[in-house]
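Here's my_file.cif, which has mmCIF, C-alpha atoms:
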```cif
data_work
#
loop_
_atom_site.label_atom_id
_atom_site.label_comp_id
_atom_site.auth_asym_id
_atom_site.auth_seq_id
_atom_site.Cartn_x
_atom_site.Cartn_y
_atom_site.Cartn_z
CA MET Q 1 53.26 -85.18 -27.56
CA LEU Q 2 50.75 -85.99 -30.25
CA THR Q 3 47.10 -85.87 -29.44
CA LYS Q 4 44.82 -88.82 -29.88
CA GLU Q 5 41.60 -86.96 -30.63
CA THR Q 6 40.75 -83.53 -31.99
CA ILE Q 7 37.24 -82.08 -32.26
CA LEU Q 8 36.51 -78.39 -32.91
CA GLN Q 9 33.06 -76.86 -33.02
CA THR Q 10 31.82 -73.38 -33.84
CA MET Q 11 28.22 -72.22 -33.50
CA PRO Q 12 27.21 -70.77 -35.82
CA ASP Q 13 29.64 -71.80 -38.56
CA ILE Q 14 32.52 -69.33 -38.78
CA VAL Q 15 31.71 -68.59 -42.43
CA THR Q 16 28.55 -66.82 -41.23
CA TRP Q 17 30.18 -64.63 -38.57
CA GLU Q 18 30.76 -61.66 -40.85
CA LYS Q 19 27.00 -61.22 -41.18
CA LEU Q 20 26.89 -60.59 -37.43
CA LEU Q 21 29.09 -57.48 -37.66
CA VAL Q 22 26.45 -54.77 -37.70
CA GLU Q 23 26.19 -51.22 -36.40
CA PRO Q 24 25.04 -51.06 -32.76
CA LEU Q 25 21.50 -49.81 -32.38
CA GLY Q 26 19.56 -48.03 -29.68
CA ASN Q 27 20.20 -45.46 -26.98
CA VAL Q 28 21.21 -45.67 -23.33
CA PHE Q 29 20.44 -42.65 -21.13
CA GLY Q 30 19.86 -40.52 -24.23
CA THR Q 31 23.18 -41.37 -25.89
CA SER Q 32 23.45 -43.79 -28.80
CA VAL Q 33 25.12 -47.13 -28.19
CA LYS Q 34 27.56 -46.33 -31.01
CA GLU Q 35 28.65 -43.15 -29.23
CA TRP Q 36 29.00 -45.03 -25.95
CA GLN Q 37 31.22 -47.53 -27.75
CA GLN Q 38 33.44 -44.81 -29.17
CA LYS Q 39 33.82 -43.15 -25.77
CA THR Q 40 34.47 -46.44 -24.00
CA ARG Q 41 37.00 -47.64 -26.55
CA ALA Q 42 38.83 -44.31 -26.50
CA SER Q 43 39.12 -44.46 -22.70
CA LEU Q 44 40.75 -47.90 -23.01
CA GLY Q 45 43.11 -46.92 -25.83
CA LEU Q 46 41.25 -49.04 -28.39
CA GLU Q 47 40.55 -48.10 -32.00
CA THR Q 48 37.20 -46.34 -32.04
CA ASP Q 49 36.09 -47.28 -35.56
CA ALA Q 50 37.47 -50.80 -36.03
CA ASN Q 51 35.47 -53.99 -35.65
CA ILE Q 52 36.50 -55.53 -32.34
CA ILE Q 53 36.31 -59.24 -31.55
CA ILE Q 54 36.52 -60.12 -27.85
CA VAL Q 55 37.66 -63.30 -26.13
CA GLY Q 56 37.63 -63.30 -22.34
CA HIS Q 57 39.09 -65.65 -19.75
CA GLN Q 58 40.77 -65.85 -16.38
CA PRO Q 59 44.57 -65.46 -16.42
CA ILE Q 60 45.49 -69.14 -16.26
CA PHE Q 61 47.34 -71.63 -18.46
CA PHE Q 62 44.14 -72.85 -20.07
CA HIS Q 63 43.26 -75.97 -22.07
CA PRO Q 64 42.91 -76.31 -25.88
CA GLY Q 65 39.17 -75.70 -25.70
CA ILE Q 66 39.92 -72.13 -24.61
CA LEU Q 67 42.80 -71.83 -27.07
CA ALA Q 68 40.31 -72.71 -29.81
CA LYS Q 69 38.32 -69.56 -28.99
CA PHE Q 70 41.39 -67.40 -29.55
CA ILE Q 71 42.33 -69.29 -32.73
CA ALA Q 72 38.88 -68.87 -34.26
CA ALA Q 73 38.66 -65.22 -33.21
CA SER Q 74 42.15 -64.50 -34.53
CA GLU Q 75 41.43 -66.11 -37.89
CA PHE Q 76 38.13 -64.27 -38.22
CA ALA Q 77 39.74 -60.96 -37.23
CA ARG Q 78 42.40 -61.50 -39.89
CA GLN Q 79 39.80 -62.24 -42.55
CA CYS Q 80 37.68 -59.15 -41.85
CA ASN Q 81 40.47 -56.76 -40.80
CA ALA Q 82 39.19 -56.56 -37.23
CA LYS Q 83 41.06 -56.34 -33.92
CA LEU Q 84 41.20 -59.19 -31.39
CA VAL Q 85 40.91 -58.07 -27.76
CA HIS Q 86 41.89 -60.40 -24.92
CA LEU Q 87 39.61 -59.51 -22.00
CA VAL Q 88 41.51 -60.58 -18.87
CA VAL Q 89 39.40 -61.41 -15.81
CA ASP Q 90 42.13 -59.90 -13.68
CA HIS Q 91 40.25 -59.99 -10.37
CA HIS Q 92 40.31 -63.79 -10.48
CA ALA Q 93 41.72 -65.50 -7.37
CA GLY Q 94 42.96 -69.08 -7.32
CA ASP Q 95 45.92 -71.35 -7.92
CA VAL Q 96 47.19 -70.14 -11.27
CA GLY Q 97 50.75 -71.27 -10.64
CA THR Q 98 50.23 -75.03 -10.73
CA ILE Q 99 49.50 -77.06 -13.83
CA GLU Q 100 48.69 -80.75 -13.96
CA SER Q 101 50.52 -83.19 -16.21
CA PRO Q 102 50.12 -86.96 -16.68
CA LYS Q 103 52.71 -89.36 -15.29
CA LEU Q 104 52.90 -93.11 -15.99
CA GLN Q 105 53.97 -95.15 -12.98
CA ASN Q 106 53.84 -98.95 -12.75
CA GLY Q 107 51.59 -99.05 -15.79
CA LEU Q 108 49.04 -96.66 -14.29
CA LEU Q 109 48.50 -92.97 -14.98
CA GLN Q 110 48.76 -90.47 -12.19
CA ILE Q 111 48.46 -86.69 -12.13
CA GLU Q 112 51.64 -84.81 -11.36
CA GLN Q 113 51.53 -81.17 -10.30
CA LYS Q 114 54.11 -78.81 -11.76
CA HIS Q 115 54.63 -75.47 -10.06
CA ILE Q 116 55.17 -72.72 -12.62
CA VAL Q 117 54.82 -69.60 -10.47
CA LYS Q 118 54.25 -68.90 -6.79
CA SER Q 119 51.00 -67.07 -6.09
CA ASN Q 120 48.66 -66.35 -3.19
CA THR Q 121 45.48 -68.25 -3.99
CA PHE Q 122 43.28 -66.03 -1.79
CA ILE Q 123 44.19 -62.61 -3.22
CA PRO Q 124 42.91 -61.43 -6.61
CA LEU Q 125 45.71 -61.58 -9.14
CA CYS Q 126 45.34 -57.91 -10.03
CA ASP Q 127 46.30 -57.11 -6.43
CA GLN Q 128 49.49 -59.18 -6.56
CA LYS Q 129 52.83 -58.06 -7.93
CA PRO Q 130 54.32 -60.05 -10.84
CA LEU Q 131 54.88 -63.60 -9.62
CA GLU Q 132 58.10 -65.43 -8.89
CA VAL Q 133 58.81 -68.05 -11.55
CA MET Q 134 59.47 -71.52 -10.12
CA THR Q 135 59.90 -73.65 -13.24
CA ALA Q 136 62.99 -74.41 -15.31
CA ASP Q 137 60.88 -74.91 -18.44
CA VAL Q 138 62.32 -72.44 -20.94
CA ARG Q 139 58.97 -71.83 -22.65
CA PHE Q 140 57.33 -70.66 -19.43
CA LEU Q 141 60.43 -68.80 -18.27
CA GLU Q 142 60.59 -66.72 -21.44
CA ALA Q 143 56.83 -66.13 -21.61
CA LEU Q 144 56.59 -65.00 -17.99
CA ASP Q 145 59.57 -62.66 -18.31
CA ASN Q 146 57.53 -59.59 -19.18
CA GLU Q 147 57.03 -56.06 -17.89
CA GLU Q 148 53.40 -56.30 -16.80
CA GLN Q 149 52.25 -54.36 -13.76
CA ASN Q 150 50.59 -57.18 -11.81
CA ALA Q 151 50.28 -60.96 -11.64
CA ALA Q 152 47.07 -61.12 -13.66
CA MET Q 153 48.46 -59.30 -16.66
CA GLN Q 154 51.77 -61.15 -16.31
CA ILE Q 155 50.01 -64.51 -16.70
CA ALA Q 156 47.77 -63.18 -19.48
CA ALA Q 157 50.78 -61.84 -21.38
CA ALA Q 158 52.50 -65.21 -20.95
CA THR Q 159 49.54 -67.08 -22.43
CA ASP Q 160 49.43 -64.60 -25.32
CA THR Q 161 53.11 -65.32 -25.96
CA LEU Q 162 52.70 -69.09 -25.72
CA MET Q 163 49.79 -69.11 -28.18
CA ALA Q 164 51.25 -66.50 -30.56
CA GLN Q 165 52.01 -69.09 -33.24
CA TYR Q 166 48.35 -70.12 -33.25
CA ALA Q 167 46.47 -66.88 -32.51
CA LYS Q 168 47.37 -63.19 -32.69
CA VAL Q 169 46.03 -61.00 -29.90
CA ASP Q 170 46.07 -57.30 -30.76
CA VAL Q 171 45.25 -55.82 -27.35
CA LYS Q 172 44.60 -57.13 -23.88
CA ILE Q 173 42.48 -55.21 -21.39
CA ALA Q 174 41.73 -55.78 -17.72
CA ALA Q 175 38.19 -56.53 -16.60
CA THR Q 176 38.58 -54.18 -13.64
CA SER Q 177 39.14 -51.28 -16.03
CA LEU Q 178 35.65 -51.52 -17.54
CA PRO Q 179 33.65 -50.06 -14.62
CA LYS Q 180 35.92 -46.99 -14.84
CA THR Q 181 35.00 -46.28 -18.47
CA PRO Q 182 32.34 -43.69 -19.39
CA LEU Q 183 29.74 -46.40 -19.96
CA GLY Q 184 30.76 -48.24 -16.80
CA GLU Q 185 30.43 -45.12 -14.68
CA ALA Q 186 27.04 -44.28 -16.21
CA LEU Q 187 25.68 -47.77 -15.56
CA LEU Q 188 26.97 -47.77 -11.99
CA GLU Q 189 25.34 -44.41 -11.37
CA GLU Q 190 22.04 -45.85 -12.61
CA MET Q 191 22.48 -48.97 -10.46
CA PHE Q 192 23.00 -46.93 -7.31
CA ALA Q 193 20.23 -44.45 -8.12
CA ARG Q 194 17.61 -47.11 -8.89
CA PRO Q 195 18.91 -50.43 -7.53
CA GLU Q 196 15.50 -52.09 -7.48
CA ALA Q 197 15.09 -51.79 -11.26
CA CYS Q 198 18.51 -53.32 -11.91
CA HIS Q 199 17.99 -56.03 -9.29
CA SER Q 200 14.54 -57.13 -10.48
CA ALA Q 201 15.51 -57.13 -14.16
CA TYR Q 202 18.55 -59.26 -13.32
CA ASN Q 203 16.64 -61.81 -11.27
CA ASN Q 204 13.83 -62.00 -13.80
CA ALA Q 205 16.41 -62.85 -16.46
CA VAL Q 206 17.93 -65.54 -14.23
CA ALA Q 207 14.47 -67.04 -13.73
CA ALA Q 208 13.96 -67.12 -17.50
CA PHE Q 209 17.02 -69.35 -17.99
CA PRO Q 210 17.17 -71.76 -15.02
CA GLU Q 211 19.54 -74.09 -16.88
CA SER Q 212 22.22 -71.38 -17.03
CA GLY Q 213 23.50 -72.03 -13.52
CA ILE Q 214 23.49 -68.32 -12.67
CA SER Q 215 22.43 -67.56 -9.09
CA PHE Q 216 19.81 -64.98 -8.17
CA LEU Q 217 21.02 -61.74 -6.64
CA GLU Q 218 20.37 -61.67 -2.92
CA VAL Q 219 18.16 -58.96 -1.47
CA GLY Q 220 19.95 -55.61 -1.42
CA THR Q 221 22.82 -56.70 -3.68
CA LEU Q 222 23.95 -55.69 -7.17
CA PRO Q 223 26.04 -57.56 -9.79
CA ILE Q 224 29.29 -56.04 -8.52
CA TRP Q 225 31.83 -56.52 -5.75
CA LYS Q 226 32.73 -53.43 -3.79
CA ASP Q 227 35.22 -52.66 -1.05
CA ASP Q 228 36.89 -49.52 0.25
CA ARG Q 229 40.39 -50.55 -0.81
CA HIS Q 230 39.86 -51.79 -4.35
CA GLY Q 231 36.67 -50.03 -5.40
CA ILE Q 232 34.17 -51.71 -7.71
CA ARG Q 233 34.76 -54.94 -9.57
CA PRO Q 234 32.27 -56.50 -11.97
CA ARG Q 235 30.64 -59.85 -11.48
CA ALA Q 236 30.43 -62.13 -14.52
CA LEU Q 237 27.27 -60.78 -16.15
CA PHE Q 238 28.05 -57.13 -15.55
CA LEU Q 239 31.48 -57.73 -17.05
CA THR Q 240 30.11 -59.25 -20.25
CA LEU Q 241 27.44 -56.54 -20.44
CA LEU Q 242 30.13 -53.85 -20.33
CA ALA Q 243 32.25 -55.69 -22.91
CA ARG Q 244 29.45 -56.50 -25.33
CA LEU Q 245 27.65 -53.17 -25.04
CA GLY Q 246 30.61 -50.81 -24.70
CA ILE Q 247 33.43 -52.38 -26.70
CA GLY Q 248 32.78 -55.35 -28.94
CA ASN Q 249 31.18 -56.09 -32.27
CA LEU Q 250 31.39 -59.83 -31.59
CA PHE Q 251 32.07 -61.84 -28.42
CA VAL Q 252 33.51 -65.36 -28.66
CA HIS Q 253 32.35 -67.63 -25.84
CA GLY Q 254 32.95 -71.24 -24.89
CA THR Q 255 30.08 -73.59 -24.11
CA GLY Q 256 29.59 -72.35 -20.55
CA GLY Q 257 29.68 -68.66 -21.37
CA ALA Q 258 27.39 -69.09 -24.36
CA SER Q 259 24.80 -70.54 -22.00
CA TYR Q 260 24.98 -68.12 -19.07
CA ASP Q 261 25.31 -64.99 -21.20
CA ARG Q 262 21.76 -65.46 -22.47
CA VAL Q 263 20.80 -64.31 -18.98
CA MET Q 264 22.84 -61.14 -19.45
CA GLU Q 265 21.27 -60.47 -22.84
CA GLN Q 266 17.79 -60.65 -21.34
CA TRP Q 267 18.81 -58.57 -18.31
CA CYS Q 268 20.29 -55.84 -20.52
CA LEU Q 269 17.21 -55.77 -22.73
CA ASP Q 270 14.83 -55.52 -19.76
CA TRP Q 271 16.94 -53.06 -17.76
CA LEU Q 272 18.35 -50.77 -20.47
CA GLY Q 273 16.12 -51.52 -23.44
CA VAL Q 274 18.98 -52.34 -25.82
CA GLN Q 275 20.70 -55.39 -27.24
CA VAL Q 276 24.39 -56.12 -26.79
CA CYS Q 277 26.65 -57.25 -29.64
CA PRO Q 278 26.21 -60.83 -30.92
CA GLN Q 279 27.97 -63.82 -29.41
CA VAL Q 280 29.32 -66.99 -31.01
CA MET Q 281 30.50 -70.23 -29.44
CA VAL Q 282 33.76 -72.10 -30.04
CA THR Q 283 35.08 -75.18 -28.30
CA ALA Q 284 37.49 -78.03 -28.94
CA THR Q 285 38.31 -81.40 -27.42
CA MET Q 286 41.89 -82.62 -27.50
CA LYS Q 287 43.27 -85.59 -25.62
CA LEU Q 288 46.87 -86.62 -25.09
CA PRO Q 289 48.03 -89.97 -26.56
CA LEU Q 290 48.26 -91.69 -23.21
CA LYS Q 291 48.68 -95.44 -23.66
CA ILE Q 292 47.24 -97.24 -20.68
CA GLU Q 293 46.39 -100.79 -19.70
CA THR Q 294 42.67 -101.48 -19.86
CA ILE Q 295 40.80 -103.60 -17.34
CA SER Q 296 40.15 -106.30 -19.95
CA SER Q 297 43.79 -106.51 -21.00
CA ALA Q 298 44.95 -106.63 -17.38
CA ARG Q 299 42.49 -109.43 -16.62
CA SER Q 300 43.61 -111.32 -19.71
CA VAL Q 301 47.27 -111.12 -18.74
CA TYR Q 302 46.55 -112.06 -15.15
CA PHE Q 303 44.38 -115.09 -15.86
CA SER Q 304 46.25 -116.43 -18.88
CA GLY Q 305 49.80 -115.72 -17.79
CA ASP Q 306 52.34 -116.80 -20.39
CA ASP Q 307 50.25 -119.31 -22.37
CA LEU Q 308 53.21 -121.23 -23.78
CA LYS Q 309 54.86 -121.63 -20.40
CA LYS Q 310 51.55 -122.55 -18.80
CA GLN Q 311 50.91 -125.24 -21.43
CA ALA Q 312 54.38 -126.65 -20.86
CA PHE Q 313 53.74 -126.87 -17.12
CA LEU Q 314 50.37 -128.56 -17.70
CA SER Q 315 51.90 -131.10 -20.08
CA ASN Q 316 54.60 -131.88 -17.56
CA ILE Q 317 52.05 -132.30 -14.77
CA GLU Q 318 49.98 -134.69 -16.90
CA SER Q 319 53.04 -136.83 -17.53
CA LEU Q 320 53.72 -137.33 -13.84
CA THR Q 321 52.12 -139.96 -11.62
CA ARG Q 322 48.89 -138.74 -10.08
CA GLY Q 323 49.38 -138.14 -6.32
CA SER Q 324 53.18 -138.22 -6.54
CA ALA Q 325 55.47 -135.71 -4.84
CA ALA Q 326 56.95 -134.77 -8.23
CA ARG Q 327 53.49 -133.91 -9.58
CA ARG Q 328 52.80 -131.80 -6.48
CA VAL Q 329 56.10 -129.89 -6.94
CA ALA Q 330 55.33 -129.27 -10.65
CA TYR Q 331 51.87 -127.99 -9.73
CA LEU Q 332 53.34 -125.54 -7.18
CA ASP Q 333 55.98 -124.42 -9.70
CA MET Q 334 53.24 -123.61 -12.22
CA HIS Q 335 51.39 -121.43 -9.72
CA ARG Q 336 54.59 -119.64 -8.76
CA MET Q 337 55.02 -118.85 -12.46
CA LEU Q 338 51.44 -117.59 -12.70
CA ALA Q 339 51.93 -115.42 -9.62
CA ALA Q 340 55.02 -113.93 -11.21
CA CYS Q 341 52.86 -112.75 -14.12
CA GLY Q 342 51.47 -110.03 -11.89
CA LYS Q 343 49.10 -109.19 -9.12
CA LYS Q 344 45.36 -109.39 -9.48
CA PRO Q 345 44.16 -106.32 -11.45
CA ASP Q 346 43.24 -103.34 -9.26
CA HIS Q 347 39.96 -102.29 -10.85
CA LYS Q 348 39.77 -99.04 -8.89
CA ALA Q 349 43.28 -97.98 -9.92
CA LEU Q 350 42.67 -98.97 -13.54
CA LEU Q 351 39.44 -96.97 -13.67
CA ALA Q 352 41.24 -93.94 -12.20
CA SER Q 353 43.96 -94.32 -14.83
CA GLN Q 354 41.37 -94.47 -17.62
CA LYS Q 355 39.69 -91.34 -16.27
CA ILE Q 356 43.00 -89.46 -16.38
CA ALA Q 357 43.60 -90.65 -19.95
CA SER Q 358 40.24 -89.20 -21.00
CA LYS Q 359 40.94 -85.70 -19.61
CA ARG Q 360 40.66 -82.83 -22.10
CA ASP Q 361 41.72 -79.97 -19.85
CA TRP Q 362 45.50 -80.28 -19.73
CA ALA Q 363 47.25 -76.92 -20.18
CA PHE Q 364 47.68 -76.31 -23.90
CA PRO Q 365 51.51 -75.95 -23.75
CA LEU Q 366 51.65 -79.68 -22.88
CA TYR Q 367 50.31 -80.59 -26.32
CA ASP Q 368 52.34 -81.12 -29.46
CA GLU Q 369 52.73 -77.90 -31.46
CA ALA Q 370 51.95 -79.58 -34.76
CA GLU Q 371 48.72 -80.98 -33.37
CA LEU Q 372 47.61 -77.64 -31.94
CA MET Q 373 48.41 -76.07 -35.29
CA LYS Q 374 45.76 -78.33 -36.82
CA LEU Q 375 43.15 -76.27 -34.99
CA THR Q 376 44.13 -73.34 -37.18
CA LYS Q 377 43.57 -75.41 -40.33
CA VAL Q 378 40.09 -76.78 -39.68
CA LEU Q 379 38.29 -73.42 -39.57
#
```

Would you write out, as structure tokens, the structure that this file holds?
Amino acid sequence: MLTKETILQTMPDIVTWEKLLVEPLGNVFGTSVKEWQQKTRASLGLETDANIIIVGHQPIFFHPGILAKFIAASEFARQCNAKLVHLVVDHHAGDVGTIESPKLQNGLLQIEQKHIVKSNTFIPLCDQKPLEVMTADVRFLEALDNEEQNAAMQIAAATDTLMAQYAKVDVKIAATSLPKTPLGEALLEEMFARPEACHSAYNNAVAAFPESGISFLEVGTLPIWKDDRHGIRPRALFLTLLARLGIGNLFVHGTGGASYDRVMEQWCLDWLGVQVCPQVMVTATMKLPLKIETISSARSVYFSGDDLKKQAFLSNIESLTRGSAARRVAYLDMHRMLAACGKKPDHKALLASQKIASKRDWAFPLYDEAELMKLTKVL
């Protein structure tokens, strides 16, 4: 399907990104940030001396706005001979197996749910085995047929395959692996040894950016999840701190992440006294070409009916004797014709249909390949 509207934004302009690739500065616990990066990358099997561009997201079949992040990062990595890392938020829990698609019924749009894989929505994907495929769609079947160790990486690998013609991912890493790296272990040790310092620096940073939507840490808590079975898993800001301090030279966010990660930057500066790698923002808006009936057109059809037929009926009525049975029959025939033109417009249903038509978050595989390819040309 062709898309009706395409808008892509990068902040700052992608032509300026190369200026952001600078050597990491500062020290954490007496070790330089550069050395921490080398140790952390080595523990994850990443190249220790390459420039690394990171894009992170939950393992879902995401919309073109997210795809745009990978496209921009891939193109930039190609231009500057860097590596693109897909950071998979593998401890995500939710319905990743159902995607929504538009369906036209009786002139109105509805949302149809298509079940791609069967997953448990309450268990983190990294704790689930590779998922059973439920769709007959060849694209999804082939993409999901991989050798990944758990459901999270299975879905992430599938999205990498589906977007391969638009963006080239060099390596994907699991978010839950970052606390186990040398830097992750050192930061956790500091958190547990002096929790008040971490906690207060975090909450002070949240207070500095109230528009970010980040919640304050409750008393006695840290920016991690911990349980006896699965160990430690990073919350959002600790995850991006680990990625931007220990791995990346540049982190590509969407609009939401670009806003909330300012909190992390301030927290890291106050807590550890160093700055993380720079971030940039990329987003795109793409809508499907969904032709729908508007309220005005529905009202016009309803009230006018077939104008030629209506005029013929009116002329016939005028020619008949006023008050006669024949004139009464002609009048009733005209209204039966008008009724056949359709029911009175359902404003509520029409508004719902228009809202569906304006959605920008359909899964990117639903869009026309040629239109998605245009995102690679506008950078």

Can you turn the PyMOL selection byres ((chain Q and resi 150) around 6) into a concrete residue list for this file, as a PDB file with C-alpha atoms, in the frame of the given file?
```pdb
ATOM      1  CA  CYS Q 126      45.340 -57.910 -10.030  1.00  0.00           C
ATOM      2  CA  GLN Q 128      49.490 -59.180  -6.560  1.00  0.00           C
ATOM      3  CA  LYS Q 129      52.830 -58.060  -7.930  1.00  0.00           C
ATOM      4  CA  PRO Q 130      54.320 -60.050 -10.840  1.00  0.00           C
ATOM      5  CA  GLU Q 148      53.400 -56.300 -16.800  1.00  0.00           C
ATOM      6  CA  GLN Q 149      52.250 -54.360 -13.760  1.00  0.00           C
ATOM      7  CA  ALA Q 151      50.280 -60.960 -11.640  1.00  0.00           C
ATOM      8  CA  ALA Q 152      47.070 -61.120 -13.660  1.00  0.00           C
ATOM      9  CA  MET Q 153      48.460 -59.300 -16.660  1.00  0.00           C
TER      10      MET Q 153
END
```

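Closest approach to Q:Asn120 among Q:Ser319, Q:Thr376, Q:Gln275, Q:Thr98: Q:Thr98, based on only C-alpha atoms.
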
Residue IDs satisfying the PyMOL selection byres ((chain Q and resi 162) around 10), as a PyMOL selection string: chain Q and resi 61+139-140+142-144+156-161+163-167+364-365

From the list Q:Lys83, Q:His91, Q:His57, Q:Arg262, the nearest residue to Q:Ala205 using all atoms listed in the file is Q:Arg262

Using only C-alpha atoms, find each residue in stretch 158-203 of chain Q having at least one atom no more than 12 Å away from stretch 26-30 of chain Q; report its shortest atom-to-atom pair and that distance in Å (one decimal), rows by chain then rising number, as a Markdown table.
```
| residue | atom | partner | partner_atom | distance |
| --- | --- | --- | --- | --- |
| Q:Pro182 | CA | Q:Val28 | CA | 12.0 |
| Q:Leu183 | CA | Q:Val28 | CA | 9.2 |
| Q:Gly184 | CA | Q:Val28 | CA | 11.9 |
| Q:Ala186 | CA | Q:Phe29 | CA | 8.4 |
| Q:Leu187 | CA | Q:Phe29 | CA | 9.2 |
| Q:Glu189 | CA | Q:Phe29 | CA | 11.1 |
| Q:Glu190 | CA | Q:Phe29 | CA | 9.2 |
```
